[in-house]
Each structure stands twice: as structure tokens, then as C-alpha cells.
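So this one's final.tsv, TSV, C-alpha atoms:
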chain	number	residue	atom	x	y	z
T	191	MET	CA	0.00	0.00	0.00
T	192	LYS	CA	1.26	3.47	-0.91
T	193	ILE	CA	0.25	6.03	1.69
T	194	LEU	CA	0.40	9.83	1.64
T	195	ILE	CA	0.15	11.71	4.94
T	196	LEU	CA	-0.43	15.47	4.95
T	197	THR	CA	0.19	17.43	8.14
T	198	PHE	CA	1.13	21.10	8.17
T	199	TYR	CA	3.00	20.63	11.46
T	200	TYR	CA	5.27	17.77	12.48
T	201	LYS	CA	8.02	17.21	15.03
T	202	PRO	CA	10.13	19.00	16.11
T	203	ASP	CA	7.57	21.80	15.70
T	204	LEU	CA	5.78	22.86	18.87
T	205	CYS	CA	1.99	22.60	18.70
T	206	ALA	CA	-0.89	20.16	19.13
T	207	GLY	CA	-0.96	19.33	15.41
T	208	SER	CA	2.71	18.34	15.47
T	209	PHE	CA	2.32	16.18	18.57
T	210	ARG	CA	-0.77	14.46	17.14
T	211	SER	CA	0.66	13.68	13.69
T	212	SER	CA	3.93	12.44	15.21
T	213	ALA	CA	2.03	10.12	17.56
T	214	PHE	CA	-0.11	8.85	14.67
T	215	ILE	CA	2.92	7.96	12.56
T	216	ASN	CA	4.56	6.22	15.54
T	217	ALA	CA	1.38	4.15	15.90
T	218	LEU	CA	1.22	3.45	12.17
T	219	ARG	CA	4.82	2.24	11.89
T	220	PRO	CA	4.40	-1.29	13.38
T	221	LEU	CA	1.31	-1.89	11.22
T	222	LEU	CA	3.17	-1.42	7.96
T	223	LYS	CA	4.29	-4.34	5.83
T	224	ASP	CA	7.74	-4.41	4.25
T	225	ASN	CA	6.37	-3.45	0.82
T	226	ASP	CA	4.22	-0.57	2.13
T	227	SER	CA	5.53	2.97	1.66
T	228	VAL	CA	4.61	6.22	3.39
T	229	ASP	CA	5.29	9.79	2.27
T	230	VAL	CA	4.75	12.37	5.02
T	231	ILE	CA	4.62	15.88	3.54
T	232	THR	CA	4.88	18.60	6.15
T	233	THR	CA	6.71	21.90	6.67
T	234	MET	CA	9.96	23.02	8.21
T	235	PRO	CA	9.32	24.05	11.86
T	236	ASN	CA	7.46	27.37	11.70
T	237	ARG	CA	4.76	27.49	14.39
T	238	TYR	CA	6.39	30.31	16.36
T	239	ASN	CA	9.03	32.83	15.36
T	240	THR	CA	10.23	32.75	18.98
T	241	PHE	CA	10.72	28.96	18.99
T	242	ARG	CA	12.81	27.60	16.14
T	243	ARG	CA	14.17	24.09	15.77
T	244	GLU	CA	16.34	22.71	13.00
T	245	ALA	CA	15.11	19.77	10.94
T	246	ASP	CA	16.25	17.98	7.81
T	247	PRO	CA	14.27	18.77	4.63
T	248	VAL	CA	14.16	15.04	3.87
T	249	GLU	CA	14.23	12.31	6.49
T	250	VAL	CA	14.09	8.60	5.63
T	251	ASN	CA	13.22	6.09	8.31
T	252	GLY	CA	12.66	2.62	6.90
T	253	ASN	CA	9.67	2.80	4.58
T	254	ILE	CA	8.58	6.20	5.91
T	255	ASN	CA	9.82	9.30	4.06
T	256	ILE	CA	9.34	12.71	5.68
T	257	ILE	CA	9.47	15.68	3.31
T	258	ARG	CA	9.57	19.13	4.93
T	259	ILE	CA	8.63	22.11	2.78
T	260	GLN	CA	10.31	25.46	3.41
T	261	LEU	CA	7.77	28.25	3.87
T	262	PRO	CA	8.22	32.00	3.51
T	263	LEU	CA	8.65	33.86	6.77
T	264	HIS	CA	5.26	34.56	8.29
T	265	LYS	CA	3.56	35.69	11.49
T	266	SER	CA	0.14	34.88	12.90
T	267	GLY	CA	-1.93	37.20	10.70
T	268	PHE	CA	-4.68	35.80	8.49
T	269	PHE	CA	-3.09	36.81	5.17
T	270	ASP	CA	0.40	35.74	6.29
T	271	GLN	CA	-0.92	32.30	7.15
T	272	ALA	CA	-2.88	32.11	3.91
T	273	ARG	CA	0.34	32.74	1.96
T	274	ALA	CA	2.13	30.02	3.94
T	275	PHE	CA	-0.65	27.52	3.25
T	276	PHE	CA	-0.68	28.41	-0.43
T	277	THR	CA	3.05	27.65	-0.60
T	278	TYR	CA	2.50	24.32	1.15
T	279	PHE	CA	-0.39	23.52	-1.18
T	280	ILE	CA	1.48	24.26	-4.42
T	281	LYS	CA	4.72	22.51	-3.41
T	282	THR	CA	2.84	19.43	-2.18
T	283	VAL	CA	0.92	19.12	-5.45
T	284	LYS	CA	4.21	19.51	-7.33
T	285	TYR	CA	5.94	16.84	-5.22
T	286	THR	CA	3.13	14.30	-5.65
T	287	LYS	CA	2.94	14.78	-9.42
T	288	GLY	CA	3.77	11.50	-11.08
T	289	ARG	CA	3.55	9.55	-7.81
T	290	GLY	CA	0.73	7.14	-7.14
T	291	TYR	CA	-1.02	6.63	-3.80
T	292	ASP	CA	-3.67	4.22	-2.59
T	293	VAL	CA	-4.70	6.19	0.51
T	294	VAL	CA	-4.36	9.82	1.58
T	295	PHE	CA	-4.47	10.84	5.24
T	296	ALA	CA	-4.86	14.55	6.07
T	297	THR	CA	-4.94	15.94	9.61
T	298	SER	CA	-6.28	19.46	9.60
T	299	SER	CA	-7.13	22.18	12.07
T	300	ARG	CA	-7.34	24.63	9.20
T	301	LEU	CA	-9.55	23.74	6.29
T	302	PHE	CA	-6.98	23.86	3.52
T	303	THR	CA	-4.82	20.93	4.61
T	304	ALA	CA	-7.95	18.78	4.45
T	305	PHE	CA	-8.86	20.39	1.11
T	306	LEU	CA	-5.38	19.59	-0.20
T	307	GLY	CA	-5.94	15.98	0.82
T	308	ALA	CA	-9.25	15.90	-1.04
T	309	VAL	CA	-7.68	17.39	-4.19
T	310	ILE	CA	-4.80	14.92	-4.26
T	311	ALA	CA	-7.05	11.96	-3.44
T	312	LYS	CA	-9.28	12.92	-6.38
T	313	MET	CA	-6.28	13.32	-8.70
T	314	LYS	CA	-4.79	9.97	-7.65
T	315	HIS	CA	-8.11	8.08	-7.45
T	316	ALA	CA	-7.11	7.27	-3.86
T	317	ARG	CA	-9.16	6.79	-0.73
T	318	LEU	CA	-9.23	9.69	1.74
T	319	TYR	CA	-9.13	9.69	5.55
T	320	LEU	CA	-9.69	13.09	7.16
T	321	ASP	CA	-8.73	13.90	10.74
T	322	ILE	CA	-10.62	17.13	11.54
T	323	ARG	CA	-9.30	19.07	14.53
T	324	ASP	CA	-11.32	22.28	14.15
T	325	ILE	CA	-14.28	23.73	12.26
T	326	PHE	CA	-12.48	26.36	10.24
T	327	THR	CA	-15.51	28.09	8.71
T	328	ASP	CA	-17.28	28.28	12.07
T	329	THR	CA	-14.21	29.84	13.69
T	330	MET	CA	-13.69	32.33	10.87
T	331	LYS	CA	-17.32	33.40	11.09
T	332	SER	CA	-16.72	34.35	14.72
T	333	LEU	CA	-13.29	35.97	14.36
T	334	LEU	CA	-13.30	37.80	11.01
T	335	SER	CA	-14.74	41.27	10.60
T	336	ALA	CA	-18.10	41.43	8.81
T	337	PRO	CA	-16.88	42.71	5.39
T	338	VAL	CA	-14.10	40.11	5.18
T	339	SER	CA	-16.42	37.38	6.45
T	340	TRP	CA	-19.09	38.15	3.83
T	341	ALA	CA	-16.46	38.02	1.09
T	342	VAL	CA	-14.67	34.79	1.97
T	343	LEU	CA	-17.12	32.63	3.93
T	344	PRO	CA	-19.14	31.49	0.88
T	345	ILE	CA	-15.88	30.28	-0.68
T	346	PHE	CA	-14.84	28.51	2.52
T	347	LEU	CA	-18.21	26.78	2.76
T	348	LEU	CA	-17.94	25.48	-0.81
T	349	VAL	CA	-14.41	24.22	-0.15
T	350	GLU	CA	-15.55	22.60	3.09
T	351	ARG	CA	-18.44	20.75	1.45
T	352	PHE	CA	-16.25	19.54	-1.42
T	353	THR	CA	-13.60	18.33	1.05
T	354	VAL	CA	-16.00	16.43	3.28
T	355	SER	CA	-17.83	14.91	0.31
T	356	LYS	CA	-14.61	13.31	-0.98
T	357	ALA	CA	-13.71	11.62	2.31
T	358	ASP	CA	-14.11	7.87	2.71
T	359	LYS	CA	-13.68	8.18	6.48
T	360	ILE	CA	-13.75	11.18	8.82
T	361	ASN	CA	-12.46	11.45	12.36
T	362	LEU	CA	-13.52	14.38	14.56
T	363	VAL	CA	-11.39	15.17	17.61
T	364	SER	CA	-14.41	16.53	19.50
T	365	GLU	CA	-17.88	15.05	19.73
T	366	GLY	CA	-18.98	18.68	19.87
T	367	PHE	CA	-18.34	18.75	16.09
T	368	ARG	CA	-20.82	15.96	15.41
T	369	GLY	CA	-23.93	18.07	14.78
T	370	TYR	CA	-22.14	20.48	12.46
T	371	PHE	CA	-20.73	17.77	10.20
T	372	GLU	CA	-23.81	15.58	10.31
T	373	ASN	CA	-25.71	18.58	8.99
T	374	ILE	CA	-23.45	19.04	5.95
T	375	ALA	CA	-22.70	15.33	5.37
T	376	PRO	CA	-25.53	13.22	6.81
T	377	GLU	CA	-24.46	10.19	4.79
T	378	LYS	CA	-20.99	10.00	6.39
T	379	GLU	CA	-19.92	7.94	9.39
T	380	PHE	CA	-17.66	9.59	11.94
T	381	SER	CA	-15.06	8.40	14.42
T	382	PHE	CA	-14.10	10.34	17.55
T	383	PHE	CA	-10.45	9.78	18.38
T	384	THR	CA	-9.62	12.74	20.62
T	385	ASN	CA	-6.32	14.36	21.41
T	386	GLY	CA	-4.51	12.73	24.28
T	387	ILE	CA	-1.64	12.73	26.74
T	388	ASP	CA	1.76	12.35	25.13
T	389	GLU	CA	4.35	10.06	26.66
T	390	GLU	CA	6.50	12.98	27.89
T	391	PHE	CA	3.81	13.74	30.47
T	392	THR	CA	3.26	10.20	31.76
T	393	GLY	CA	5.28	8.65	34.55
T	394	VAL	CA	6.60	12.08	35.58
T	395	SER	CA	6.37	13.61	39.05
T	396	PHE	CA	4.84	17.10	39.02
T	397	GLU	CA	5.01	17.57	42.78
T	398	LYS	CA	5.95	21.10	43.74
T	399	GLU	CA	9.26	21.23	45.58
T	400	SER	CA	8.82	24.55	47.39
T	401	THR	CA	6.11	27.01	48.39
T	402	ALA	CA	5.94	30.78	48.06
T	403	ASP	CA	3.74	33.53	49.45
T	404	ARG	CA	1.91	33.93	46.15
T	405	LYS	CA	0.28	31.06	44.30
T	406	ILE	CA	1.59	30.46	40.78
T	407	ILE	CA	-1.04	30.18	38.05
T	408	THR	CA	0.41	28.96	34.74
T	409	TYR	CA	-0.91	29.11	31.20
T	410	ALA	CA	0.97	27.39	28.36
T	411	GLY	CA	-0.13	27.60	24.74
T	412	ASN	CA	-1.06	29.92	21.92
T	413	ILE	CA	-1.75	33.59	22.62
T	414	GLY	CA	-4.15	34.46	19.81
T	415	GLN	CA	-7.68	35.63	19.17
T	416	GLY	CA	-9.04	32.24	20.02
T	417	GLN	CA	-7.70	32.33	23.57
T	418	GLY	CA	-8.80	35.87	24.49
T	419	LEU	CA	-6.08	36.19	27.14
T	420	GLU	CA	-5.83	39.94	26.51
T	421	LYS	CA	-9.40	40.23	27.86
T	422	ILE	CA	-9.21	38.04	30.95
T	423	ILE	CA	-5.63	38.07	32.27
T	424	PRO	CA	-5.19	41.81	33.02
T	425	PRO	CA	-8.30	42.14	35.24
T	426	ILE	CA	-7.90	38.85	37.14
T	427	ALA	CA	-4.18	39.47	37.70
T	428	LYS	CA	-4.82	43.01	38.93
T	429	MET	CA	-7.55	41.86	41.31
T	430	THR	CA	-5.34	39.13	42.83
T	431	GLU	CA	-1.92	40.78	42.67
T	432	HIS	CA	-1.14	40.06	46.33
T	433	GLU	CA	-2.26	36.43	46.17
T	434	ASN	CA	-1.20	35.15	42.73
T	435	GLU	CA	1.56	35.30	40.16
T	436	PHE	CA	0.58	34.50	36.57
T	437	ARG	CA	3.08	32.83	34.25
T	438	LEU	CA	2.12	32.80	30.56
T	439	ILE	CA	4.21	30.64	28.25
T	440	GLY	CA	3.64	31.04	24.53
T	441	ASP	CA	3.34	33.34	21.57
T	442	GLY	CA	0.79	34.36	18.98
T	443	GLY	CA	-0.95	37.18	17.20
T	444	MET	CA	-2.44	38.77	20.34
T	445	ARG	CA	0.62	38.69	22.57
T	446	SER	CA	1.52	42.33	21.88
T	447	VAL	CA	-2.08	43.39	22.64
T	448	LEU	CA	-1.93	41.44	25.89
T	449	GLU	CA	1.34	43.14	26.84
T	450	ASP	CA	-0.15	46.57	26.07
T	451	ASN	CA	-3.23	45.84	28.19
T	452	LEU	CA	-1.07	44.71	31.10
T	453	LYS	CA	0.92	47.96	30.95
T	454	LYS	CA	-2.18	50.15	30.67
T	455	GLN	CA	-3.76	48.54	33.72
T	456	GLY	CA	-0.56	48.64	35.76
T	457	VAL	CA	-0.35	44.86	36.21
T	458	THR	CA	2.90	43.73	37.82
T	459	ASN	CA	2.24	40.08	38.70
T	460	VAL	CA	2.23	38.61	35.18
T	461	VAL	CA	5.39	37.19	33.61
T	462	LEU	CA	5.45	36.25	29.92
T	463	TYR	CA	7.79	33.61	28.55
T	464	ASP	CA	8.54	32.60	24.98
T	465	PRO	CA	7.51	29.08	23.93
T	466	VAL	CA	9.68	26.37	25.48
T	467	GLY	CA	10.44	22.73	24.79
T	468	ARG	CA	8.63	20.03	26.69
T	469	GLU	CA	11.37	19.31	29.24
T	470	GLU	CA	11.36	22.94	30.32
T	471	LEU	CA	7.56	23.05	30.20
T	472	ILE	CA	7.43	20.17	32.70
T	473	ARG	CA	9.61	22.25	35.00
T	474	PHE	CA	7.14	25.15	34.74
T	475	TYR	CA	4.23	22.82	35.51
T	476	ARG	CA	6.09	21.41	38.52
T	477	GLN	CA	6.49	24.93	39.95
T	478	SER	CA	2.80	25.75	39.48
T	479	ASP	CA	-0.05	25.72	41.98
T	480	TYR	CA	-2.82	26.01	39.38
T	481	LEU	CA	-3.04	25.57	35.60
T	482	PHE	CA	-5.14	28.02	33.60
T	483	LEU	CA	-7.06	27.52	30.36
T	484	HIS	CA	-9.23	30.02	28.48
T	485	LEU	CA	-11.13	30.35	25.22
T	486	ASN	CA	-12.57	33.54	23.79
T	487	ASP	CA	-16.29	34.23	23.89
T	488	CYS	CA	-17.15	32.87	20.43
T	489	ALA	CA	-19.98	30.56	19.44
T	490	ALA	CA	-17.56	28.37	17.46
T	491	PHE	CA	-15.69	27.45	20.65
T	492	GLU	CA	-18.79	25.85	22.12
T	493	LYS	CA	-17.91	22.75	20.06
T	494	VAL	CA	-14.16	22.39	20.59
T	495	LEU	CA	-12.18	20.17	22.96
T	496	PRO	CA	-8.77	21.85	23.57
T	497	SER	CA	-5.79	19.51	23.53
T	498	LYS	CA	-4.36	21.37	26.51
T	499	ILE	CA	-7.00	19.79	28.79
T	500	PHE	CA	-5.31	16.40	28.44
T	501	GLU	CA	-1.80	17.69	29.08
T	502	TYR	CA	-2.93	19.69	32.12
T	503	ALA	CA	-4.86	16.75	33.55
T	504	ALA	CA	-1.78	14.51	33.37
T	505	THR	CA	0.06	16.76	35.84
T	506	GLY	CA	-2.47	16.24	38.63
T	507	LYS	CA	-2.43	20.00	39.23
T	508	PRO	CA	-5.69	21.88	39.97
T	509	ILE	CA	-7.17	23.33	36.76
T	510	ILE	CA	-9.27	26.45	36.31
T	511	ALA	CA	-10.76	26.74	32.83
T	512	GLY	CA	-12.69	29.57	31.20
T	513	VAL	CA	-14.54	27.46	28.64
T	514	SER	CA	-18.12	26.57	27.80
T	515	GLY	CA	-20.10	24.15	25.66
T	516	PHE	CA	-18.62	20.71	25.03
T	517	ALA	CA	-15.23	21.51	26.63
T	518	GLY	CA	-16.90	22.65	29.84
T	519	LYS	CA	-19.08	19.54	29.93
T	520	PHE	CA	-16.07	17.29	29.28
T	521	ILE	CA	-14.04	18.82	32.13
T	522	ARG	CA	-16.92	18.64	34.62
T	523	GLU	CA	-17.58	14.97	33.80
T	524	ASN	CA	-14.03	13.67	33.40
T	525	VAL	CA	-11.41	15.79	35.19
T	526	GLU	CA	-11.24	15.77	38.98
T	527	ASN	CA	-10.14	18.85	40.91
T	528	ALA	CA	-10.95	21.18	38.03
T	529	VAL	CA	-13.42	24.07	37.88
T	530	VAL	CA	-15.01	25.84	34.93
T	531	PHE	CA	-15.80	29.57	34.88
T	532	ASP	CA	-17.61	31.72	32.34
T	533	HIS	CA	-15.04	32.83	29.77
T	534	CYS	CA	-14.07	36.52	29.81
T	535	ASP	CA	-15.84	36.88	33.20
T	536	HIS	CA	-13.26	37.91	35.81
T	537	GLU	CA	-15.82	37.95	38.64
T	538	ASP	CA	-16.76	34.33	37.95
T	539	PHE	CA	-13.06	33.45	37.82
T	540	LEU	CA	-12.63	34.74	41.36
T	541	ARG	CA	-15.69	32.83	42.59
T	542	LYS	CA	-14.60	29.54	41.03
T	543	LEU	CA	-10.96	29.85	42.09
T	544	LYS	CA	-12.11	29.86	45.73
T	545	LEU	CA	-13.85	26.51	45.16
T	546	LEU	CA	-10.72	24.84	43.79
T	547	LYS	CA	-8.66	22.66	46.10
T	548	SER	CA	-5.07	23.84	46.05
T	549	GLU	CA	-3.47	20.42	46.49
T	550	GLY	CA	-2.71	18.21	43.51
T	551	LYS	CA	-4.63	15.02	42.77
T	552	ARG	CA	-3.54	12.02	40.70
T	553	ARG	CA	-5.84	11.30	37.78
T	554	ASP	CA	-4.66	7.77	36.97
T	555	GLU	CA	-7.87	6.56	35.32
T	556	PHE	CA	-8.05	9.62	33.10
T	557	VAL	CA	-4.40	9.22	32.07
T	558	LYS	CA	-4.94	5.54	31.32
T	559	GLN	CA	-8.00	6.26	29.16
T	560	TYR	CA	-6.56	9.20	27.25
T	561	THR	CA	-2.92	8.26	26.69
T	562	SER	CA	-2.08	9.47	23.19
T	563	SER	CA	-0.34	6.27	22.11
T	564	VAL	CA	-3.45	4.20	22.93
T	565	ILE	CA	-5.77	6.56	21.04
T	566	MET	CA	-3.48	6.81	18.02
T	567	ARG	CA	-3.02	3.03	17.91
T	568	GLN	CA	-6.80	2.63	17.56
T	569	MET	CA	-6.92	5.35	14.93
T	570	ALA	CA	-4.02	3.86	12.96
T	571	ARG	CA	-5.76	0.49	12.91
T	572	GLU	CA	-8.92	2.08	11.56
T	573	PHE	CA	-6.90	3.94	8.94
T	574	MET	CA	-5.10	0.78	7.77
T	575	GLY	CA	-8.48	-0.84	7.24
T	576	ILE	CA	-9.72	1.88	4.88
T	577	ASN	CA	-8.68	-0.17	1.82
T	578	ASP	CA	-9.95	-3.42	3.30
T	579	PRO	CA	-12.72	-3.32	5.94
T	580	GLN	CA	-11.78	-6.88	6.97
T	581	ILE	CA	-8.51	-5.55	8.36
T	582	THR	CA	-10.39	-3.31	10.78
T	583	GLN	CA	-12.39	-6.33	11.98
T	584	ILE	CA	-9.21	-8.38	12.43
T	585	PHE	CA	-7.69	-5.65	14.63
T	586	ALA	CA	-10.95	-5.34	16.60
T	587	ASP	CA	-10.95	-9.11	17.28
How does the structure come out when it is put into C-alpha cells?
Amino acid sequence: MKILILTFYYKPDLCAGSFRSSAFINALRPLLKDNDSVDVITTMPNRYNTFRREADPVEVNGNINIIRIQLPLHKSGFFDQARAFFTYFIKTVKYTKGRGYDVVFATSSRLFTAFLGAVIAKMKHARLYLDIRDIFTDTMKSLLSAPVSWAVLPIFLLVERFTVSKADKINLVSEGFRGYFENIAPEKEFSFFTNGIDEEFTGVSFEKESTADRKIITYAGNIGQGQGLEKIIPPIAKMTEHENEFRLIGDGGMRSVLEDNLKKQGVTNVVLYDPVGREELIRFYRQSDYLFLHLNDCAAFEKVLPSKIFEYAATGKPIIAGVSGFAGKFIRENVENAVVFDHCDHEDFLRKLKLLKSEGKRRDEFVKQYTSSVIMRQMAREFMGINDPQITQIFAD
């Protein structure tokens, strides 16, 4: 079987998409036969300008070939990212010209990686497996200004429907997506292999070694429109400046706005750090008293299930999350010693923080259920059965 895997991010890049695609390929590797071949087309590490890692443009590991495409320098703006995706799209089509594939796998938080998979699958008469990690059109509807939204959304919707229609199998990382995709593709069957806990965060002690007068509340992740940190962090930090220190680790399109808001409001108990590797991130988690998660007040985020929930839960640290919809429901039902507050509501943050137990709590059952390698092994088995449904049944037995 000749397999093509499309993922915009891949190790050593630093983001959920990279971690997920790397775990999937690790799970796929032992299922391959000697005469199978896999092309993984991704990009050179580019997630953050403040976190760069070197990687080879071509990496061969047995029957798996990893091809990394060099992108133009870009930031987090919409048009910058569109240009980067266009480069990835064109160079991927060029690379695959003249090559045959039986199955195409595309993992996509942004619509156009999935669309690229649909285009190539159609060109190659190959089967298509889509791993959908976000509802791009729904998110853009919430985040884009009205004039831009009116201009581009009809195009996005057409692309989305074409992409989904070409898929032989679709996985959704959040069951919150189910209604949206059932509405546009009622004839399709969906799987729900979520994000999970990567091996770096299992079997590690996160016990805090020392105490300080102020509690340390840590956020690690993207600082963009979707997180809305510029709205919530300044007021809650100012109101608790004698009790808490906030440590924010990450980068993104709204970081400068967040920094400006902190200065304007005279906040002195927030420290911002550039993105860090996972070993250093574990050290930050170990020093923390609470872990913080937040999504902006957008209707699209009612459906998502942030990957950060799983990583945070693995630490055993108390979690305070400003989320709603499916993510809020998931945390309440599955994560012990975690509270949910109304996003962008600093008063509710203060109320819920008082309800949170400050001591850590092991979440062994959660970790066992949501270990990334276990989830990806199940997903890889399903993927390998796409050409022969009997294979899926064999693995199930």
C-alpha cells in the first residue's frame, strides 16, 4: 500500500498538530508491511518565530519518508498564514505529481490541509481519511470582521463541502463537532479519536518542591484571538496581585495586545515567557499551583475540545478553565479537581478559584484512558483498514 500523509505541522515543531501527527505515525509504523511505503509531507518548523528548531528537509526512516517544505517567513496574521498555506499547497501538489497513492491521510485544524488531501485523493483516485481538529468556517465566522467574512465565507463553505464529500472516512477530535458535520454530510460515518496525553507527560512527578507567598497560576499555549487572554488576564491578575503570580508561556498574534493591556492597567504580577520545549515546560508545571485555560467568547468554541486539557490533567495540578459548551461539559464529567468559569468573566473566575482545592490530585484513570499512544493506535488500525474493511475487523478481534 502506498500512503500519503499530509500534516502542516510535524516534530520537532511545537503545537498540538505536530504532537498528534507524530504520535499517529509512531502508531502506524508497526502496522506497515515491508512493501508498504509512506510519504509524510509537512513543513519546516514554523509554528512560532520565537521557537525555532532545525530539521532535515528530507528524512528517511525505513519505509517512511518525511518531506519538509520550506515556507516564507510569516507571522500569525490571516493573510500571512494564507500565503504560507498556499506555498505548502502548491509545493505538495508539485511533489506528488507523477507519484501514485492508494490512501491519503490529512490531519487538519485549518480547512486547507484537508482540502489539499481531497484534491490529491481525487487526482490519484485514492481513498481519503480526514482527521478534523477544528471547524475552520465556524471559527472564521466568529473571528473575522463582517466585510471580510461576507467576502470569503461562501468560498470557505464550498471548499468545506467539497472536502468532506470526498472523504471515505472522517475522524472528529471533538464530539462537539458531530452536529455540524452531520448537517453538511448526513451520509458520512464519523469516528471520535480525541487528542490525548503524550508520553513525555506520563510517569513524571509534578510535585511542587517549594512554596511561596503567592500562588503560581500557569498558562501554556497559543496567545491568539481564540484564547482571548488579553481580555481576561489583566483584570484577574490586577484583582489578585497580592495572592497570585501568573506565568504565561507562549506566543501568537495577540501577545503584543496582551502586553499593552497589562501595561495600561498597571499589572505587575504577570510574567510572559517565549515558547519552550517540553522538558522545560514540565519544570514550569512542577512549579505551578494552578493551571489556567481560556477560550474567547465565540460561538464556534462551544464545540471544541482543547488539547491542553489532556496535558494539564496529566500533571495532577488543579485546573481552572474559562470554557463553555462541550469543553466545559467534558471537564466537569471527566477531570477531577478542576473548575469551569464563564469565559471573559473575571468575577466568575474569582468565585470559582475559591472553590478549587489547592493540592494536587492524581488522575490515573483519566491518564490511562486518554494516553495518546493508545488513542493513536486505535486510529491507525482504523486507517489501515480503509482499503480493506476486513482488516479493521481483524484488529478489533
### Query
Between T:Phe482, T:Phe516, T:Phe275, T:Ala213, which has the minimum distance to T:Ala528 (counting all atoms listed in the file)?
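Ranking T:Phe482, T:Phe516, T:Phe275, T:Ala213 by distance to T:Ala528, first place goes to T:Phe482.
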### Message
Ranking T:Arg300, T:Lys223, T:Arg317, T:His484 by minimum distance to T:Met330 and counting all atoms listed in the file, which one comes first?
### Response
T:Arg300
#### Entry: Residue neighbourhood T:Val460, 7 Å, only C-alpha atoms, exclusion window fewer than 4 positions, as a list in words
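Here the answer would be Ala427, Glu435, Phe436 and Arg437 of chain T.
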Please produce a file of the residues just selected, as a PDB file, in the coordinates of the input, where the atoms kept are C-alpha atoms.
ATOM      1  CA  ALA T 427      -4.180  39.470  37.700  1.00  0.00           C
ATOM      2  CA  GLU T 435       1.560  35.300  40.160  1.00  0.00           C
ATOM      3  CA  PHE T 436       0.580  34.500  36.570  1.00  0.00           C
ATOM      4  CA  ARG T 437       3.080  32.830  34.250  1.00  0.00           C
TER       5      ARG T 437
END
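Separating atom CA of T:Ile499 from atom CA of T:Asn527 is a distance of 12.6 Å.
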### Task
Quick one: pull the distance between atom CA of T:Gly411 and atom CA of T:Tyr475, Å, one decimal.
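Interatomic distance, atom CA of T:Gly411 to atom CA of T:Tyr475: 12.6 Å.
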### Task
For atom CA of T:Ser478 and atom CA of T:Ala504, quote the distance in Å rounded to one decimal.
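Atom-to-atom, atom CA of T:Ser478 and atom CA of T:Ala504 are spaced 13.6 Å apart.
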